[in-house]
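Next comes coords05.pdb, with PDB, C-alpha atoms and all ligand atoms.
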MODEL        1
ATOM      1  CA  MET A  29     119.364 -99.567  63.696
ATOM      2  CA  GLU A  30     121.195 -96.625  65.258
ATOM      3  CA  ARG A  31     124.037 -94.791  63.498
ATOM      4  CA  THR A  32     126.684 -92.360  64.681
ATOM      5  CA  PHE A  33     129.339 -90.126  63.178
ATOM      6  CA  LEU A  34     132.887 -90.706  64.463
ATOM      7  CA  MET A  35     136.040 -88.926  63.338
ATOM      8  CA  VAL A  36     139.715 -89.539  64.027
ATOM      9  CA  LYS A  37     140.949 -85.974  64.476
ATOM     10  CA  PRO A  38     144.203 -84.611  62.934
ATOM     11  CA  ASP A  39     146.278 -85.637  65.981
ATOM     12  CA  GLY A  40     145.038 -89.238  65.718
ATOM     13  CA  VAL A  41     145.777 -89.400  61.985
ATOM     14  CA  GLN A  42     149.266 -87.889  62.433
ATOM     15  CA  ARG A  43     150.051 -90.293  65.260
ATOM     16  CA  GLY A  44     149.071 -93.363  63.245
ATOM     17  CA  LEU A  45     146.027 -94.261  65.347
ATOM     18  CA  ILE A  46     143.381 -94.714  62.606
ATOM     19  CA  GLY A  47     143.790 -98.500  62.607
ATOM     20  CA  GLU A  48     143.783 -98.777  66.393
ATOM     21  CA  ILE A  49     140.590 -96.755  66.668
ATOM     22  CA  VAL A  50     138.775 -98.532  63.825
ATOM     23  CA  SER A  51     139.837-101.835  65.380
ATOM     24  CA  ARG A  52     138.234-101.018  68.736
ATOM     25  CA  PHE A  53     134.829-100.383  67.156
ATOM     26  CA  GLU A  54     135.130-103.420  64.874
ATOM     27  CA  LYS A  55     136.023-105.712  67.766
ATOM     28  CA  LYS A  56     133.190-104.331  69.866
ATOM     29  CA  GLY A  57     130.795-105.551  67.165
ATOM     30  CA  PHE A  58     129.731-102.336  65.463
ATOM     31  CA  LYS A  59     129.427-102.149  61.684
ATOM     32  CA  LEU A  60     131.344 -99.611  59.574
ATOM     33  CA  VAL A  61     128.958 -98.225  56.957
ATOM     34  CA  ASN A  62     131.051 -95.383  55.479
ATOM     35  CA  ALA A  63     134.538 -93.871  55.884
ATOM     36  CA  LYS A  64     136.890 -91.403  54.209
ATOM     37  CA  LEU A  65     140.223 -89.655  54.752
ATOM     38  CA  MET A  66     139.716 -85.980  53.997
ATOM     39  CA  THR A  67     140.901 -82.441  54.542
ATOM     40  CA  VAL A  68     138.351 -80.193  56.233
ATOM     41  CA  SER A  69     137.395 -76.701  55.043
ATOM     42  CA  ARG A  70     136.885 -73.924  57.582
ATOM     43  CA  GLU A  71     133.249 -73.759  56.483
ATOM     44  CA  LEU A  72     132.687 -77.448  57.277
ATOM     45  CA  ALA A  73     134.560 -77.222  60.606
ATOM     46  CA  GLU A  74     132.534 -74.165  61.656
ATOM     47  CA  LYS A  75     129.246 -75.875  60.756
ATOM     48  CA  HIS A  76     130.247 -79.082  62.528
ATOM     49  CA  TYR A  77     131.079 -77.229  65.755
ATOM     50  CA  GLU A  78     128.420 -74.486  65.419
ATOM     51  CA  GLU A  79     127.047 -75.225  68.927
ATOM     52  CA  LEU A  80     130.418 -74.074  70.324
ATOM     53  CA  LYS A  81     130.796 -70.878  68.292
ATOM     54  CA  ASP A  82     130.600 -68.623  71.380
ATOM     55  CA  LYS A  83     133.268 -70.558  73.335
ATOM     56  CA  PRO A  84     136.657 -68.873  73.774
ATOM     57  CA  PHE A  85     138.429 -71.879  72.200
ATOM     58  CA  PHE A  86     136.265 -71.962  69.045
ATOM     59  CA  GLY A  87     138.904 -70.366  66.781
ATOM     60  CA  GLU A  88     141.627 -72.736  67.977
ATOM     61  CA  LEU A  89     139.283 -75.698  67.566
ATOM     62  CA  VAL A  90     138.574 -74.785  63.929
ATOM     63  CA  ASP A  91     142.317 -74.160  63.311
ATOM     64  CA  PHE A  92     143.100 -77.608  64.721
ATOM     65  CA  ILE A  93     140.435 -79.571  62.819
ATOM     66  CA  THR A  94     141.489 -77.949  59.522
ATOM     67  CA  SER A  95     145.259 -78.333  60.165
ATOM     68  CA  SER A  96     145.724 -81.849  58.729
ATOM     69  CA  PRO A  97     143.468 -84.641  57.386
ATOM     70  CA  VAL A  98     140.798 -86.353  59.465
ATOM     71  CA  PHE A  99     139.318 -89.846  59.077
ATOM     72  CA  ALA A 100     135.524 -89.540  59.028
ATOM     73  CA  MET A 101     133.316 -92.582  59.654
ATOM     74  CA  ILE A 102     129.728 -93.718  60.086
ATOM     75  CA  TRP A 103     129.188 -96.669  62.442
ATOM     76  CA  GLU A 104     126.005 -98.664  62.990
ATOM     77  CA  GLY A 105     124.720-100.815  65.864
ATOM     78  CA  ASP A 106     122.457-101.001  68.922
ATOM     79  CA  ASN A 107     123.054 -97.957  71.152
ATOM     80  CA  VAL A 108     126.116 -97.050  69.079
ATOM     81  CA  ILE A 109     125.811 -93.310  69.866
ATOM     82  CA  SER A 110     126.129 -93.590  73.643
ATOM     83  CA  THR A 111     128.358 -96.682  73.603
ATOM     84  CA  ALA A 112     130.861 -94.959  71.298
ATOM     85  CA  ARG A 113     130.900 -91.953  73.663
ATOM     86  CA  THR A 114     131.643 -94.317  76.557
ATOM     87  CA  MET A 115     134.435 -96.005  74.568
ATOM     88  CA  MET A 116     135.898 -92.545  73.733
ATOM     89  CA  GLY A 117     135.975 -91.345  77.344
ATOM     90  CA  LYS A 118     135.415 -87.863  78.750
ATOM     91  CA  THR A 119     136.270 -84.778  76.655
ATOM     92  CA  ASN A 120     139.272 -83.958  78.850
ATOM     93  CA  PRO A 121     141.599 -86.991  78.697
ATOM     94  CA  ALA A 122     142.677 -86.229  82.281
ATOM     95  CA  ASP A 123     139.122 -87.110  83.399
ATOM     96  CA  ALA A 124     138.655 -90.082  81.046
ATOM     97  CA  ALA A 125     138.405 -93.563  82.534
ATOM     98  CA  PRO A 126     141.373 -95.910  81.943
ATOM     99  CA  GLY A 127     140.803 -98.115  78.916
ATOM    100  CA  THR A 128     138.922 -95.440  76.987
ATOM    101  CA  ILE A 129     140.436 -94.071  73.774
ATOM    102  CA  ARG A 130     141.066 -90.580  75.147
ATOM    103  CA  ALA A 131     142.561 -91.911  78.385
ATOM    104  CA  ASP A 132     144.810 -94.353  76.574
ATOM    105  CA  TYR A 133     146.087 -92.063  73.790
ATOM    106  CA  ALA A 134     145.597 -88.389  74.690
ATOM    107  CA  VAL A 135     146.825 -85.862  77.237
ATOM    108  CA  SER A 136     145.202 -82.507  76.381
ATOM    109  CA  VAL A 137     141.578 -81.456  75.907
ATOM    110  CA  GLY A 138     142.439 -79.659  72.661
ATOM    111  CA  MET A 139     144.019 -82.722  71.052
ATOM    112  CA  ASN A 140     141.802 -85.559  72.236
ATOM    113  CA  ILE A 141     142.061 -87.881  69.198
ATOM    114  CA  ILE A 142     138.427 -88.582  68.381
ATOM    115  CA  HIS A 143     135.023 -86.984  67.831
ATOM    116  CA  GLY A 144     131.714 -88.789  68.333
ATOM    117  CA  SER A 145     128.130 -87.545  68.007
ATOM    118  CA  ASP A 146     126.545 -86.857  71.398
ATOM    119  CA  SER A 147     122.815 -87.384  70.620
ATOM    120  CA  PRO A 148     120.517 -88.892  67.956
ATOM    121  CA  GLU A 149     119.783 -85.380  66.645
ATOM    122  CA  ASN A 150     123.470 -84.521  66.284
ATOM    123  CA  ALA A 151     124.277 -87.957  64.808
ATOM    124  CA  LYS A 152     121.764 -87.333  62.019
ATOM    125  CA  ARG A 153     122.949 -83.753  61.519
ATOM    126  CA  GLU A 154     126.616 -84.803  61.347
ATOM    127  CA  ILE A 155     126.007 -87.814  59.045
ATOM    128  CA  ASP A 156     124.154 -85.470  56.686
ATOM    129  CA  LEU A 157     126.852 -82.786  56.952
ATOM    130  CA  TRP A 158     129.885 -85.059  56.405
ATOM    131  CA  PHE A 159     128.470 -87.801  54.165
ATOM    132  CA  ASN A 160     125.354 -86.253  52.667
ATOM    133  CA  GLY A 161     123.543 -89.010  54.591
ATOM    134  CA  GLU A 162     125.056 -91.744  52.400
ATOM    135  CA  THR A 163     125.912 -95.159  53.811
ATOM    136  CA  ILE A 164     127.187 -98.379  52.222
ATOM    137  CA  VAL A 165     124.477-101.034  52.505
ATOM    138  CA  TYR A 166     125.766-104.584  53.050
ATOM    139  CA  ASP A 167     125.227-107.652  55.238
ATOM    140  CA  LYS A 168     127.781-109.103  57.614
ATOM    141  CA  ALA A 169     127.370-112.849  58.102
ATOM    142  CA  ILE A 170     128.559-112.504  61.698
ATOM    143  CA  SER A 171     125.815-110.044  62.676
ATOM    144  CA  LYS A 172     123.568-112.774  64.144
ATOM    145  CA  TRP A 173     126.322-113.569  66.698
ATOM    146  CA  ILE A 174     126.639-109.997  68.038
TER
HETATM  147  P1  LIG B 201     133.273 -83.709  72.880
HETATM  148  O1  LIG B 201     134.329 -83.726  71.800
HETATM  149  O2  LIG B 201     133.617 -84.645  74.012
HETATM  150  O3  LIG B 201     131.880 -83.897  72.369
HETATM  151  P2  LIG B 201     132.610 -80.869  73.148
HETATM  152  O4  LIG B 201     131.566 -81.107  72.109
HETATM  153  O5  LIG B 201     132.198 -80.194  74.414
HETATM  154  O6  LIG B 201     133.334 -82.243  73.569
HETATM  155  O7  LIG B 201     133.819 -80.011  72.539
HETATM  156  C1  LIG B 201     134.269 -80.284  71.235
HETATM  157  C2  LIG B 201     135.775 -80.209  71.223
HETATM  158  O8  LIG B 201     136.189 -78.891  71.580
HETATM  159  C3  LIG B 201     136.464 -81.128  72.236
HETATM  160  O9  LIG B 201     136.601 -82.450  71.771
HETATM  161  C4  LIG B 201     137.787 -80.435  72.394
HETATM  162  C5  LIG B 201     137.426 -78.963  72.292
HETATM  163  N1  LIG B 201     137.233 -78.411  73.647
HETATM  164  C6  LIG B 201     136.188 -78.623  74.472
HETATM  165  N2  LIG B 201     136.332 -77.969  75.633
HETATM  166  C7  LIG B 201     137.525 -77.313  75.532
HETATM  167  C8  LIG B 201     138.262 -76.455  76.399
HETATM  168  N3  LIG B 201     137.810 -76.133  77.619
HETATM  169  N4  LIG B 201     139.457 -75.979  75.950
HETATM  170  C9  LIG B 201     139.922 -76.291  74.722
HETATM  171  N5  LIG B 201     139.269 -77.090  73.854
HETATM  172  C10 LIG B 201     138.099 -77.595  74.251
HETATM  173 MG    MG B 202     130.680 -82.712  71.173
ENDMDL
END
With the file now loaded, output its structure as structure tokens.
Ligand code: DAT
Ligand code: MG
Amino acid sequence: MERTFLMVKPDGVQRGLIGEIVSRFEKKGFKLVNAKLMTVSRELAEKHYEELKDKPFFGELVDFITSSPVFAMIWEGDNVISTARTMMGKTNPADAAPGTIRADYAVSVGMNIIHGSDSPENAKREIDLWFNGETIVYDKAISKWI
């Protein structure tokens, strides 16, 4: 079963969108297997976004992610990595398809509400980085209907 790391960014938490975002993934049929509200250290933010460290916006990105709490989550389900990316929409909300999270709730590329792992390798790396790889193991009776 595939897993991905999703995070409601500081703008989403401040704007009261945690419930809305969790609800979309629940209704889709994915399974929440860990979650926490947390403040982010600069060290963690820099590790999380290390692939972008040479980009001109890297400093601003780290400032933003550490500016206010985030809601970090692990979700499980068939093709959850790519399906969650589709549900999020393109990085720049101006390019995101209507009905996606970023299109529906965000305006700027810097504050685009949500993070989601972009590959199996990064999903594993991010789940290890944010949750030490730990998930809550449980059965959902409805899983045979999804
Ligand atoms: P994504 O979050 O869709 O995976 P990414 O990994 O390329 O996108 O970039 C990570 C975050 O960095 C992105 O969500 C917002 C910020 N970002 C990306 N491109 C940017 C740009 N051109 N200007 C400002 N911030 C940017
Ligand atoms: Mg990315």
Suppose a student applies the PyMOL selection byres (((not hetatm)) within 9 of (chain B and resi 202)) to this structure; what residues should they get, written as a VMD selection string? chain A and resid 77 79 to 80 119 143 to 146 150
Taking every listed atom of ligand LIG 201 (chain B) and adding 4 Å to each side, what centre and edge lengths in Å (one decimal) does the axis-aligned box have, as AutoDock Vina command-line options?
--center_x 135.7 --center_y -80.3 --center_z 74.4 --size_x 16.4 --size_y 16.7 --size_z 14.4
Quote the spacing between atom CA of A:Val165 and atom CA of A:Val50 in Å to one decimal place.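 The value is 18.4 Å.
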Residues of chain A at most 12 Å from ligand LIG 201 (chain B): nearest atom pair and distance in Å, only C-alpha atoms and all ligand atoms, as a tab-separated table:
residue	atom	partner	partner_atom	distance
A:Phe33	CA	B:LIG201	O3	11.4
A:Leu34	CA	B:LIG201	O1	10.2
A:Met35	CA	B:LIG201	O1	10.1
A:Val36	CA	B:LIG201	O9	11.0
A:Lys37	CA	B:LIG201	O9	9.2
A:Pro38	CA	B:LIG201	O9	11.9
A:Asp39	CA	B:LIG201	O9	11.7
A:Ala73	CA	B:LIG201	C1	11.1
A:Glu74	CA	B:LIG201	C1	11.5
A:His76	CA	B:LIG201	C1	9.7
A:Tyr77	CA	B:LIG201	C1	7.0
A:Glu78	CA	B:LIG201	O4	9.9
A:Glu79	CA	B:LIG201	O4	8.1
A:Leu80	CA	B:LIG201	O7	7.2
A:Lys81	CA	B:LIG201	O8	10.2
A:Asp82	CA	B:LIG201	O8	11.7
A:Lys83	CA	B:LIG201	C7	8.3
A:Pro84	CA	B:LIG201	N4	7.9
A:Phe85	CA	B:LIG201	C9	5.3
A:Phe86	CA	B:LIG201	O8	7.4
A:Gly87	CA	B:LIG201	N5	9.8
A:Glu88	CA	B:LIG201	N5	7.7
A:Leu89	CA	B:LIG201	O8	6.0
A:Val90	CA	B:LIG201	O8	9.0
A:Asp91	CA	B:LIG201	C5	11.3
A:Phe92	CA	B:LIG201	C5	9.6
A:Ile93	CA	B:LIG201	C2	9.6
A:Ile109	CA	B:LIG201	O3	11.5
A:Ser110	CA	B:LIG201	O3	11.3
A:Ala112	CA	B:LIG201	O2	11.0
A:Arg113	CA	B:LIG201	O2	7.8
A:Thr114	CA	B:LIG201	O2	10.2
A:Met115	CA	B:LIG201	O2	11.4
A:Met116	CA	B:LIG201	O2	8.2
A:Gly117	CA	B:LIG201	O2	7.8
A:Lys118	CA	B:LIG201	O2	6.0
A:Thr119	CA	B:LIG201	O2	3.7
A:Asn120	CA	B:LIG201	N2	7.4
A:Pro121	CA	B:LIG201	O2	9.5
A:Asp123	CA	B:LIG201	O2	11.2
A:Ala124	CA	B:LIG201	O2	10.2
A:Ile129	CA	B:LIG201	O2	11.6
A:Arg130	CA	B:LIG201	O2	9.6
A:Ala134	CA	B:LIG201	O9	11.2
A:Val135	CA	B:LIG201	C4	11.6
A:Ser136	CA	B:LIG201	C9	8.3
A:Val137	CA	B:LIG201	C4	5.3
A:Gly138	CA	B:LIG201	N5	4.3
A:Met139	CA	B:LIG201	C4	6.8
A:Asn140	CA	B:LIG201	O9	6.1
A:Ile141	CA	B:LIG201	O9	8.1
A:Ile142	CA	B:LIG201	O1	7.2
A:His143	CA	B:LIG201	O1	5.2
A:Gly144	CA	B:LIG201	O3	6.3
A:Ser145	CA	B:LIG201	O3	6.8
A:Asp146	CA	B:LIG201	O3	6.2
A:Ser147	CA	B:LIG201	O3	9.9
A:Asn150	CA	B:LIG201	O3	10.4
A:Ala151	CA	B:LIG201	O3	11.5
For atom CA of A:Gly40 and atom CA of A:Glu162, the interatomic separation in Å (one decimal): 24.1 Å
Which residue, A:Gly47, A:Leu157, A:Lys172, A:Met101, has the smallest gap to A:Ala63 when you use all atoms listed in the file?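 Nearest candidate to A:Ala63 out of A:Gly47, A:Leu157, A:Lys172, A:Met101: A:Met101.
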Residue nearest A:Thr111 among A:Lys152, A:Lys168, A:Lys56, A:Arg43 (counting only C-alpha atoms):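 Of A:Lys152, A:Lys168, A:Lys56, A:Arg43, the one nearest A:Thr111 is A:Lys56, counting only C-alpha atoms.
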As a check of understanding: the span from atom CA of A:Phe53 to atom CA of A:Ile174 is 12.7 Å
Skip A:Asn62 itself and residues of its chain fewer than 6 positions away, then list as a PyMOL selection string all residues within 7 Å of it, counting all atoms listed in the file. chain A and resi 101-102+163-164
